[in-house]
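Chemist: So here's coords.pdb (PDB, C-alpha atoms).
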```
ATOM      1  CA  MET A   6     115.295 129.121  58.192  1.00  0.00           C
ATOM      2  CA  PHE A   7     117.804 129.644  60.972  1.00  0.00           C
ATOM      3  CA  ALA A   8     120.990 127.758  61.622  1.00  0.00           C
ATOM      4  CA  LEU A   9     123.699 128.452  64.145  1.00  0.00           C
ATOM      5  CA  HIS A  10     127.171 127.014  63.763  1.00  0.00           C
ATOM      6  CA  THR A  11     129.858 127.150  66.450  1.00  0.00           C
ATOM      7  CA  GLN A  12     131.469 130.225  64.960  1.00  0.00           C
ATOM      8  CA  MET A  13     129.662 131.213  61.782  1.00  0.00           C
ATOM      9  CA  ILE A  14     126.407 133.083  62.103  1.00  0.00           C
ATOM     10  CA  TYR A  15     124.142 132.151  59.240  1.00  0.00           C
ATOM     11  CA  PRO A  16     121.438 134.447  57.941  1.00  0.00           C
ATOM     12  CA  ILE A  17     117.759 134.081  58.623  1.00  0.00           C
ATOM     13  CA  ILE A  18     116.155 133.367  55.318  1.00  0.00           C
ATOM     14  CA  ASN A  19     112.452 133.572  54.668  1.00  0.00           C
ATOM     15  CA  LEU A  20     111.769 133.220  51.004  1.00  0.00           C
ATOM     16  CA  ASP A  21     108.701 130.981  50.913  1.00  0.00           C
ATOM     17  CA  ASP A  22     106.322 133.730  49.739  1.00  0.00           C
ATOM     18  CA  VAL A  23     108.681 135.093  47.150  1.00  0.00           C
ATOM     19  CA  ASP A  24     109.484 131.583  45.933  1.00  0.00           C
ATOM     20  CA  MET A  25     105.759 131.023  45.425  1.00  0.00           C
ATOM     21  CA  ASN A  26     105.511 134.266  43.468  1.00  0.00           C
ATOM     22  CA  PHE A  27     108.475 133.236  41.318  1.00  0.00           C
ATOM     23  CA  ARG A  28     106.506 130.116  40.420  1.00  0.00           C
ATOM     24  CA  LYS A  29     103.402 132.140  39.755  1.00  0.00           C
ATOM     25  CA  GLY A  30     105.403 134.445  37.483  1.00  0.00           C
ATOM     26  CA  LEU A  31     106.862 131.601  35.456  1.00  0.00           C
ATOM     27  CA  LEU A  32     103.428 130.028  35.084  1.00  0.00           C
ATOM     28  CA  ARG A  33     102.030 133.370  33.876  1.00  0.00           C
ATOM     29  CA  ILE A  34     104.705 133.395  31.179  1.00  0.00           C
ATOM     30  CA  ARG A  35     103.878 129.797  30.273  1.00  0.00           C
ATOM     31  CA  ASP A  36     100.154 130.639  30.004  1.00  0.00           C
ATOM     32  CA  ALA A  37     100.879 133.666  27.831  1.00  0.00           C
ATOM     33  CA  ILE A  38     102.967 131.475  25.514  1.00  0.00           C
ATOM     34  CA  VAL A  39     100.213 128.835  25.335  1.00  0.00           C
ATOM     35  CA  PHE A  40      97.727 131.543  24.375  1.00  0.00           C
ATOM     36  CA  GLU A  41     100.048 132.993  21.741  1.00  0.00           C
ATOM     37  CA  LEU A  42     100.943 129.595  20.240  1.00  0.00           C
ATOM     38  CA  SER A  43      97.229 128.777  19.896  1.00  0.00           C
ATOM     39  CA  ALA A  44      96.530 132.137  18.280  1.00  0.00           C
ATOM     40  CA  MET A  45      99.364 131.509  15.827  1.00  0.00           C
ATOM     41  CA  GLY A  46      97.805 128.165  14.882  1.00  0.00           C
ATOM     42  CA  GLU A  47     100.751 126.076  16.063  1.00  0.00           C
ATOM     43  CA  ASP A  48     100.484 122.277  16.290  1.00  0.00           C
ATOM     44  CA  ILE A  49      98.079 121.267  19.078  1.00  0.00           C
ATOM     45  CA  MET A  50     100.583 118.664  20.336  1.00  0.00           C
ATOM     46  CA  LEU A  51     103.085 121.437  20.945  1.00  0.00           C
ATOM     47  CA  VAL A  52     100.515 123.692  22.621  1.00  0.00           C
ATOM     48  CA  ASP A  53      99.468 120.827  24.919  1.00  0.00           C
ATOM     49  CA  ALA A  54     103.063 119.998  25.791  1.00  0.00           C
ATOM     50  CA  VAL A  55     103.747 123.581  26.831  1.00  0.00           C
ATOM     51  CA  GLU A  56     100.461 123.782  28.716  1.00  0.00           C
ATOM     52  CA  ASN A  57     101.334 120.636  30.683  1.00  0.00           C
ATOM     53  CA  TRP A  58     104.800 121.815  31.562  1.00  0.00           C
ATOM     54  CA  SER A  59     105.303 122.075  35.298  1.00  0.00           C
ATOM     55  CA  LEU A  60     107.983 123.801  37.291  1.00  0.00           C
ATOM     56  CA  PRO A  61     110.969 122.144  38.914  1.00  0.00           C
ATOM     57  CA  ALA A  62     110.421 121.237  42.578  1.00  0.00           C
ATOM     58  CA  GLU A  63     112.792 123.767  44.050  1.00  0.00           C
ATOM     59  CA  LEU A  64     113.474 127.167  42.545  1.00  0.00           C
ATOM     60  CA  MET A  65     115.153 129.209  45.232  1.00  0.00           C
ATOM     61  CA  ASP A  66     117.671 127.218  47.198  1.00  0.00           C
ATOM     62  CA  PRO A  67     118.779 129.017  50.391  1.00  0.00           C
ATOM     63  CA  ASP A  68     122.195 127.347  50.275  1.00  0.00           C
ATOM     64  CA  VAL A  69     122.831 128.527  46.740  1.00  0.00           C
ATOM     65  CA  LEU A  70     121.628 132.015  47.644  1.00  0.00           C
ATOM     66  CA  ARG A  71     123.877 132.137  50.708  1.00  0.00           C
ATOM     67  CA  ALA A  72     126.912 130.956  48.729  1.00  0.00           C
ATOM     68  CA  THR A  73     126.251 133.474  45.947  1.00  0.00           C
ATOM     69  CA  LEU A  74     125.932 136.334  48.440  1.00  0.00           C
ATOM     70  CA  MET A  75     129.189 135.319  50.067  1.00  0.00           C
ATOM     71  CA  CYS A  76     131.047 135.321  46.721  1.00  0.00           C
ATOM     72  CA  ALA A  77     129.557 138.695  45.828  1.00  0.00           C
ATOM     73  CA  ALA A  78     130.522 140.199  49.206  1.00  0.00           C
ATOM     74  CA  TRP A  79     134.149 139.081  48.850  1.00  0.00           C
ATOM     75  CA  SER A  80     134.533 140.267  45.272  1.00  0.00           C
ATOM     76  CA  THR A  81     132.877 143.625  46.003  1.00  0.00           C
ATOM     77  CA  ALA A  82     135.219 144.062  48.968  1.00  0.00           C
ATOM     78  CA  TYR A  83     138.245 143.210  46.797  1.00  0.00           C
ATOM     79  CA  LEU A  84     137.214 145.713  44.139  1.00  0.00           C
ATOM     80  CA  ARG A  85     136.991 148.387  46.827  1.00  0.00           C
ATOM     81  CA  TYR A  86     140.433 147.447  48.119  1.00  0.00           C
ATOM     82  CA  ALA A  87     142.084 147.375  44.681  1.00  0.00           C
ATOM     83  CA  TYR A  88     140.403 150.631  43.671  1.00  0.00           C
ATOM     84  CA  TRP A  89     141.519 152.342  46.860  1.00  0.00           C
ATOM     85  CA  TYR A  90     145.066 150.943  46.594  1.00  0.00           C
ATOM     86  CA  ASN A  91     145.476 152.188  43.039  1.00  0.00           C
ATOM     87  CA  SER A  92     143.729 155.501  43.340  1.00  0.00           C
ATOM     88  CA  GLU A  93     144.407 157.521  46.461  1.00  0.00           C
TER      89      GLU A  93
ATOM     90  CA  MET B  19     109.737 124.402  28.808  1.00  0.00           C
ATOM     91  CA  PRO B  20     109.184 121.719  26.136  1.00  0.00           C
ATOM     92  CA  ILE B  21     109.417 123.956  23.111  1.00  0.00           C
ATOM     93  CA  SER B  22     112.303 124.252  20.671  1.00  0.00           C
ATOM     94  CA  GLN B  23     114.379 127.434  20.783  1.00  0.00           C
ATOM     95  CA  LYS B  24     113.840 127.523  17.015  1.00  0.00           C
ATOM     96  CA  ILE B  25     110.118 128.085  17.517  1.00  0.00           C
ATOM     97  CA  LEU B  26     110.321 130.254  20.595  1.00  0.00           C
ATOM     98  CA  ASN B  27     113.649 131.766  21.483  1.00  0.00           C
ATOM     99  CA  ARG B  28     113.909 132.542  25.197  1.00  0.00           C
ATOM    100  CA  ARG B  29     116.723 134.589  26.601  1.00  0.00           C
ATOM    101  CA  VAL B  30     117.750 135.760  30.035  1.00  0.00           C
ATOM    102  CA  VAL B  31     119.859 138.875  29.573  1.00  0.00           C
ATOM    103  CA  GLY B  32     121.668 141.293  31.835  1.00  0.00           C
ATOM    104  CA  ASN B  33     122.182 144.999  31.126  1.00  0.00           C
ATOM    105  CA  MET B  34     120.463 144.864  27.740  1.00  0.00           C
ATOM    106  CA  PRO B  35     118.430 147.835  26.562  1.00  0.00           C
ATOM    107  CA  PHE B  36     114.746 148.016  27.407  1.00  0.00           C
ATOM    108  CA  ILE B  37     112.856 149.431  24.440  1.00  0.00           C
ATOM    109  CA  GLY B  38     109.784 151.419  25.351  1.00  0.00           C
ATOM    110  CA  GLN B  39     107.646 154.042  23.694  1.00  0.00           C
ATOM    111  CA  SER B  40     109.072 156.962  25.568  1.00  0.00           C
ATOM    112  CA  ILE B  41     112.038 155.701  27.529  1.00  0.00           C
ATOM    113  CA  PHE B  42     115.084 153.577  27.116  1.00  0.00           C
ATOM    114  CA  GLY B  43     116.839 151.945  30.015  1.00  0.00           C
ATOM    115  CA  THR B  44     119.042 149.020  30.888  1.00  0.00           C
ATOM    116  CA  PRO B  45     117.413 146.767  33.451  1.00  0.00           C
ATOM    117  CA  ASP B  46     119.736 144.530  35.435  1.00  0.00           C
ATOM    118  CA  LEU B  47     117.931 141.406  34.249  1.00  0.00           C
ATOM    119  CA  MET B  48     115.264 140.615  31.652  1.00  0.00           C
ATOM    120  CA  ILE B  49     113.584 137.532  30.273  1.00  0.00           C
ATOM    121  CA  LEU B  50     112.872 138.000  26.568  1.00  0.00           C
ATOM    122  CA  THR B  51     110.965 135.807  24.142  1.00  0.00           C
ATOM    123  CA  VAL B  52     110.670 135.942  20.370  1.00  0.00           C
ATOM    124  CA  TYR B  53     108.739 133.651  17.996  1.00  0.00           C
ATOM    125  CA  ARG B  54     110.148 132.122  14.833  1.00  0.00           C
ATOM    126  CA  GLY B  55     110.012 134.561  11.958  1.00  0.00           C
ATOM    127  CA  SER B  56     109.247 137.534  14.182  1.00  0.00           C
ATOM    128  CA  LEU B  57     111.464 140.492  14.897  1.00  0.00           C
ATOM    129  CA  LYS B  58     109.525 141.543  17.949  1.00  0.00           C
ATOM    130  CA  GLU B  59     111.248 140.428  21.101  1.00  0.00           C
ATOM    131  CA  ARG B  60     108.854 140.635  24.025  1.00  0.00           C
ATOM    132  CA  GLN B  61     109.975 141.770  27.443  1.00  0.00           C
ATOM    133  CA  ARG B  62     108.335 139.391  29.911  1.00  0.00           C
ATOM    134  CA  TRP B  63     110.150 139.762  33.200  1.00  0.00           C
ATOM    135  CA  ILE B  64     112.333 142.586  34.522  1.00  0.00           C
ATOM    136  CA  MET B  65     114.492 142.666  37.641  1.00  0.00           C
ATOM    137  CA  GLU B  66     116.308 145.631  39.125  1.00  0.00           C
ATOM    138  CA  CYS B  67     118.969 145.372  41.787  1.00  0.00           C
ATOM    139  CA  THR B  68     119.949 148.221  44.084  1.00  0.00           C
ATOM    140  CA  PHE B  69     123.032 148.390  46.149  1.00  0.00           C
ATOM    141  CA  SER B  70     124.464 151.863  46.321  1.00  0.00           C
ATOM    142  CA  GLN B  71     121.399 153.544  44.812  1.00  0.00           C
ATOM    143  CA  ARG B  72     118.252 154.239  46.739  1.00  0.00           C
ATOM    144  CA  ASP B  73     115.448 151.738  46.932  1.00  0.00           C
ATOM    145  CA  GLU B  74     112.903 154.256  45.581  1.00  0.00           C
ATOM    146  CA  ASP B  75     114.987 154.817  42.451  1.00  0.00           C
ATOM    147  CA  ALA B  76     114.610 151.149  41.545  1.00  0.00           C
ATOM    148  CA  THR B  77     110.850 151.323  42.128  1.00  0.00           C
ATOM    149  CA  ARG B  78     110.633 154.416  39.933  1.00  0.00           C
ATOM    150  CA  ARG B  79     112.502 152.641  37.133  1.00  0.00           C
ATOM    151  CA  LEU B  80     110.197 149.601  37.425  1.00  0.00           C
ATOM    152  CA  GLN B  81     107.218 151.977  37.250  1.00  0.00           C
ATOM    153  CA  GLN B  82     108.568 153.466  34.023  1.00  0.00           C
ATOM    154  CA  TYR B  83     109.117 150.051  32.484  1.00  0.00           C
ATOM    155  CA  ILE B  84     105.543 149.027  33.307  1.00  0.00           C
ATOM    156  CA  HIS B  85     104.196 152.310  31.971  1.00  0.00           C
ATOM    157  CA  ASN B  86     106.062 151.778  28.721  1.00  0.00           C
ATOM    158  CA  ASP B  87     105.292 148.090  28.422  1.00  0.00           C
ATOM    159  CA  PRO B  88     102.015 147.253  30.223  1.00  0.00           C
ATOM    160  CA  ASP B  89     102.273 143.662  28.907  1.00  0.00           C
ATOM    161  CA  LEU B  90     105.111 142.903  31.328  1.00  0.00           C
ATOM    162  CA  LEU B  91     104.174 139.813  33.334  1.00  0.00           C
ATOM    163  CA  VAL B  92     106.640 139.983  36.203  1.00  0.00           C
ATOM    164  CA  VAL B  93     108.789 142.728  37.715  1.00  0.00           C
ATOM    165  CA  GLY B  94     110.926 142.626  40.797  1.00  0.00           C
ATOM    166  CA  LYS B  95     113.672 144.286  42.728  1.00  0.00           C
ATOM    167  CA  ILE B  96     116.480 143.016  44.877  1.00  0.00           C
ATOM    168  CA  VAL B  97     117.583 145.454  47.561  1.00  0.00           C
ATOM    169  CA  ILE B  98     121.007 144.860  49.043  1.00  0.00           C
ATOM    170  CA  LYS B  99     121.491 146.760  52.298  1.00  0.00           C
ATOM    171  CA  GLN B 100     124.880 147.448  53.804  1.00  0.00           C
ATOM    172  CA  ALA B 101     125.346 147.387  57.571  1.00  0.00           C
ATOM    173  CA  SER B 102     127.207 150.687  57.411  1.00  0.00           C
ATOM    174  CA  THR B 103     128.204 153.198  54.771  1.00  0.00           C
ATOM    175  CA  TYR B 104     131.573 152.328  53.300  1.00  0.00           C
ATOM    176  CA  CYS B 105     134.476 154.695  53.801  1.00  0.00           C
ATOM    177  CA  SER B 106     137.874 153.795  52.352  1.00  0.00           C
ATOM    178  CA  PRO B 107     140.909 153.363  54.663  1.00  0.00           C
ATOM    179  CA  GLY B 108     141.979 156.814  53.443  1.00  0.00           C
ATOM    180  CA  CYS B 109     140.080 158.174  56.464  1.00  0.00           C
ATOM    181  CA  ASN B 110     142.640 156.570  58.772  1.00  0.00           C
ATOM    182  CA  VAL B 111     146.180 157.745  57.940  1.00  0.00           C
ATOM    183  CA  ASN B 112     148.076 155.149  59.985  1.00  0.00           C
ATOM    184  CA  LEU B 113     146.097 152.242  58.632  1.00  0.00           C
ATOM    185  CA  ALA B 114     146.260 153.542  55.067  1.00  0.00           C
ATOM    186  CA  THR B 115     150.060 153.896  55.186  1.00  0.00           C
ATOM    187  CA  GLN B 116     150.439 150.438  56.668  1.00  0.00           C
ATOM    188  CA  LEU B 117     148.203 148.820  54.031  1.00  0.00           C
ATOM    189  CA  ARG B 118     150.137 150.530  51.246  1.00  0.00           C
ATOM    190  CA  LEU B 119     153.485 149.205  52.424  1.00  0.00           C
ATOM    191  CA  ALA B 120     152.505 145.731  51.265  1.00  0.00           C
ATOM    192  CA  PRO B 121     152.169 145.021  47.538  1.00  0.00           C
ATOM    193  CA  LEU B 122     148.669 144.900  46.080  1.00  0.00           C
ATOM    194  CA  MET B 123     147.110 141.533  46.888  1.00  0.00           C
ATOM    195  CA  THR B 124     145.844 139.372  44.048  1.00  0.00           C
ATOM    196  CA  PHE B 125     142.232 138.233  44.267  1.00  0.00           C
ATOM    197  CA  SER B 126     143.397 134.733  45.267  1.00  0.00           C
ATOM    198  CA  GLU B 127     145.545 136.130  48.075  1.00  0.00           C
ATOM    199  CA  TRP B 128     142.598 138.253  49.141  1.00  0.00           C
ATOM    200  CA  LEU B 129     140.317 135.230  49.352  1.00  0.00           C
ATOM    201  CA  GLY B 130     143.011 133.473  51.383  1.00  0.00           C
ATOM    202  CA  HIS B 131     142.125 135.835  54.259  1.00  0.00           C
ATOM    203  CA  LYS B 132     138.708 134.289  54.597  1.00  0.00           C
ATOM    204  CA  SER B 133     138.368 132.257  57.761  1.00  0.00           C
ATOM    205  CA  ASP B 134     135.635 130.550  59.750  1.00  0.00           C
ATOM    206  CA  GLU B 135     135.678 133.422  62.227  1.00  0.00           C
ATOM    207  CA  HIS B 136     134.217 135.714  59.620  1.00  0.00           C
ATOM    208  CA  GLU B 137     130.618 136.615  60.207  1.00  0.00           C
ATOM    209  CA  PHE B 138     128.379 136.053  57.244  1.00  0.00           C
ATOM    210  CA  GLY B 139     128.563 138.922  54.789  1.00  0.00           C
ATOM    211  CA  GLN B 140     131.296 140.709  56.680  1.00  0.00           C
ATOM    212  CA  VAL B 141     134.618 141.071  54.889  1.00  0.00           C
ATOM    213  CA  GLU B 142     137.433 142.117  57.182  1.00  0.00           C
ATOM    214  CA  VAL B 143     140.998 141.999  55.887  1.00  0.00           C
ATOM    215  CA  ASP B 144     144.080 143.483  57.571  1.00  0.00           C
ATOM    216  CA  GLY B 145     141.977 144.890  60.370  1.00  0.00           C
ATOM    217  CA  PHE B 146     139.716 146.890  58.075  1.00  0.00           C
ATOM    218  CA  THR B 147     136.069 146.184  57.237  1.00  0.00           C
ATOM    219  CA  TRP B 148     135.809 146.432  53.469  1.00  0.00           C
ATOM    220  CA  PHE B 149     132.260 145.247  53.191  1.00  0.00           C
ATOM    221  CA  SER B 150     129.475 144.522  55.609  1.00  0.00           C
ATOM    222  CA  LEU B 151     126.131 143.198  54.509  1.00  0.00           C
ATOM    223  CA  SER B 152     123.032 143.819  56.601  1.00  0.00           C
ATOM    224  CA  HIS B 153     120.251 142.113  54.680  1.00  0.00           C
ATOM    225  CA  VAL B 154     118.875 141.423  51.257  1.00  0.00           C
ATOM    226  CA  GLU B 155     115.220 141.951  50.328  1.00  0.00           C
ATOM    227  CA  ILE B 156     113.486 140.491  47.303  1.00  0.00           C
ATOM    228  CA  HIS B 157     110.240 142.052  46.065  1.00  0.00           C
ATOM    229  CA  LEU B 158     108.228 140.505  43.267  1.00  0.00           C
ATOM    230  CA  TRP B 159     105.050 141.571  41.469  1.00  0.00           C
ATOM    231  CA  VAL B 160     103.164 139.284  39.101  1.00  0.00           C
ATOM    232  CA  ARG B 161     100.483 140.530  36.750  1.00  0.00           C
ATOM    233  CA  SER B 162      97.134 138.934  37.565  1.00  0.00           C
ATOM    234  CA  PRO B 163      95.290 137.185  34.728  1.00  0.00           C
ATOM    235  CA  GLY B 164      92.919 139.613  33.036  1.00  0.00           C
ATOM    236  CA  SER B 165      94.295 142.717  34.723  1.00  0.00           C
ATOM    237  CA  SER B 166      95.585 145.629  32.704  1.00  0.00           C
ATOM    238  CA  ALA B 167      99.100 146.079  34.042  1.00  0.00           C
ATOM    239  CA  ILE B 168     101.135 145.451  37.164  1.00  0.00           C
ATOM    240  CA  ASN B 169     100.352 147.918  39.918  1.00  0.00           C
ATOM    241  CA  LEU B 170     103.349 148.448  42.178  1.00  0.00           C
ATOM    242  CA  ASP B 171     101.179 150.059  44.850  1.00  0.00           C
ATOM    243  CA  ARG B 172      99.253 146.854  45.348  1.00  0.00           C
ATOM    244  CA  LEU B 173     100.993 144.858  48.015  1.00  0.00           C
ATOM    245  CA  ASP B 174      98.385 142.153  48.573  1.00  0.00           C
ATOM    246  CA  GLY B 175      99.271 138.486  48.536  1.00  0.00           C
ATOM    247  CA  ASN B 176      97.623 137.824  45.181  1.00  0.00           C
ATOM    248  CA  SER B 177     100.171 139.567  43.039  1.00  0.00           C
ATOM    249  CA  TYR B 178     102.939 140.713  45.349  1.00  0.00           C
ATOM    250  CA  ALA B 179     105.363 138.895  47.612  1.00  0.00           C
ATOM    251  CA  SER B 180     108.547 139.762  49.402  1.00  0.00           C
ATOM    252  CA  GLY B 181     111.251 137.836  51.138  1.00  0.00           C
ATOM    253  CA  VAL B 182     114.247 138.701  53.218  1.00  0.00           C
ATOM    254  CA  CYS B 183     117.628 137.254  53.868  1.00  0.00           C
ATOM    255  CA  ASP B 184     118.550 138.805  57.204  1.00  0.00           C
ATOM    256  CA  LEU B 185     122.180 138.761  58.195  1.00  0.00           C
ATOM    257  CA  GLY B 186     121.926 140.716  61.415  1.00  0.00           C
TER     258      GLY B 186
END
```
Can you dump the structure from the file as structure tokens?
Modeler:
Amino acid sequence: MFALHTQMIYPIINLDDVDMNFRKGLLRIRDAIVFELSAMGEDIMLVDAVENWSLPAELMDPDVLRATLMCAAWSTAYLRYAYWYNSE
Amino acid sequence: MPISQKILNRRVVGNMPFIGQSIFGTPDLMILTVYRGSLKERQRWIMECTFSQRDEDATRRLQQYIHNDPDLLVVGKIVIKQASTYCSPGCNVNLATQLRLAPLMTFSEWLGHKSDEHEFGQVEVDGFTWFSLSHVEIHLWVRSPGSSAINLDRLDGNSYASGVCDLG
């Protein structure tokens, strides 16, 4: 994804593959839980409900990621400033 | 997931100890699950984040976690790269003196310096670049069904994926 504003340069974000792997990872955890619940002899209704659980439509939102990075950059920078101001 | 926390407690934790056979560590992020009546919390997913450390160090830690807990289903690392190595204003005597003349800014005052002219990930305040982000990489490995343990050397599309947030 690429977007250019008049002044702000936004990052190029390509997270489709990793987003897909995130989904795959969560489904692996779900499948492991289904297997374990069955082995423990839990109620079949519960096992089925977990087995039929599907993931939310969007996991990694580029806007959220961008905003989080921005917050982190500004707080890291402030910590550097405050540390320098108080130390040297 | 439609299952009560009382039956299966699921936790996402940061900086909690990883318990292995031969090592202990504190991963940046873990997903843990534990069944009702059990004391054994399982480590399902581990994430490491590197910023000032080297990328390979994070991979080595992930390797140790997998070695100690082959049942891990997902591991990943987030690599935050800076555009340049940070050096405090102490390197520049004039600038350092000038910055010290003003009282220490509060965090709110600091954030007040943010303007639309700022490039993404670049924090410049009082003429000094305090932080400059180059890009962020995300690497993720998922254990394949039926396989023994995650292999970090395997970078094929079946189990591994990476993504990048490029700020350059």
Chemist: So, counting all atoms listed in the file, which residue among A:Ala62, A:Tyr88, A:Val52, A:Asn19 is closest to chain B?
Modeler: A:Asn19
Chemist: What is the distance, in Å and to one decimal place, between CA of Gly164 in chain B and CA of Val39 in chain A?
Modeler: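 Interatomic distance, CA of Gly164 in chain B to CA of Val39 in chain A: 15.1 Å.
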Chemist: Taking only C-alpha atoms into account, which residues of chain B are within 9 Å of chain A, as a ChimeraX atom specification?
Modeler: /B:19-21,26,62-63,91-93,106-108,114,117-118,122-125,128-129,132,134-142,147-151,153,156-163,175-186
Chemist: Could you please determine the separation between CA of Leu90 in chain B and CA of Ala167 in chain B in Å, to one decimal place?
Modeler: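 Straight-line distance from CA of Leu90 in chain B to CA of Ala167 in chain B works out to 7.3 Å.
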Chemist: Excluding same-chain residues fewer than 6 positions from Pro45 in chain B, what lies within 9 Å of it counting only C-alpha atoms, as a ChimeraX atom specification?
Modeler: /B:32-36,64-67,79-80,83
Chemist: Quick one, how far is CA of His131 in chain B from CA of Val143 in chain B?
Modeler: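 Interatomic distance here is 6.5 Å.
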Chemist: Check the smallest atom-to-atom distance from each of B:Asp46, B:Asp144, B:Asp171, B:Glu59 to Arg29 in chain B using only C-alpha atoms, then report the winner.
Modeler: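 Of all the options, B:Glu59 lies closest to Arg29 in chain B.
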Chemist: Translate the PyMOL selection byres ((chain B and resi 87) around 9) into a concrete residue list for this structure, as a PDB file with C-alpha atoms, in the frame of the given file.
Modeler:
```
ATOM      1  CA  ILE B  37     112.856 149.431  24.440  1.00  0.00           C
ATOM      2  CA  GLY B  38     109.784 151.419  25.351  1.00  0.00           C
ATOM      3  CA  GLN B  39     107.646 154.042  23.694  1.00  0.00           C
ATOM      4  CA  GLN B  61     109.975 141.770  27.443  1.00  0.00           C
ATOM      5  CA  GLN B  82     108.568 153.466  34.023  1.00  0.00           C
ATOM      6  CA  TYR B  83     109.117 150.051  32.484  1.00  0.00           C
ATOM      7  CA  ILE B  84     105.543 149.027  33.307  1.00  0.00           C
ATOM      8  CA  HIS B  85     104.196 152.310  31.971  1.00  0.00           C
ATOM      9  CA  ASN B  86     106.062 151.778  28.721  1.00  0.00           C
ATOM     10  CA  PRO B  88     102.015 147.253  30.223  1.00  0.00           C
ATOM     11  CA  ASP B  89     102.273 143.662  28.907  1.00  0.00           C
ATOM     12  CA  LEU B  90     105.111 142.903  31.328  1.00  0.00           C
ATOM     13  CA  ALA B 167      99.100 146.079  34.042  1.00  0.00           C
TER      14      ALA B 167
END
```
Chemist: I'd like the contact shell of Val97 in chain B - 7 Å cut-off, all atoms listed in the file, skipping same-chain residues fewer than 4 positions apart - returned as an MDAnalysis selection string.
Modeler: chainID B and resid 67:69 73 154:156
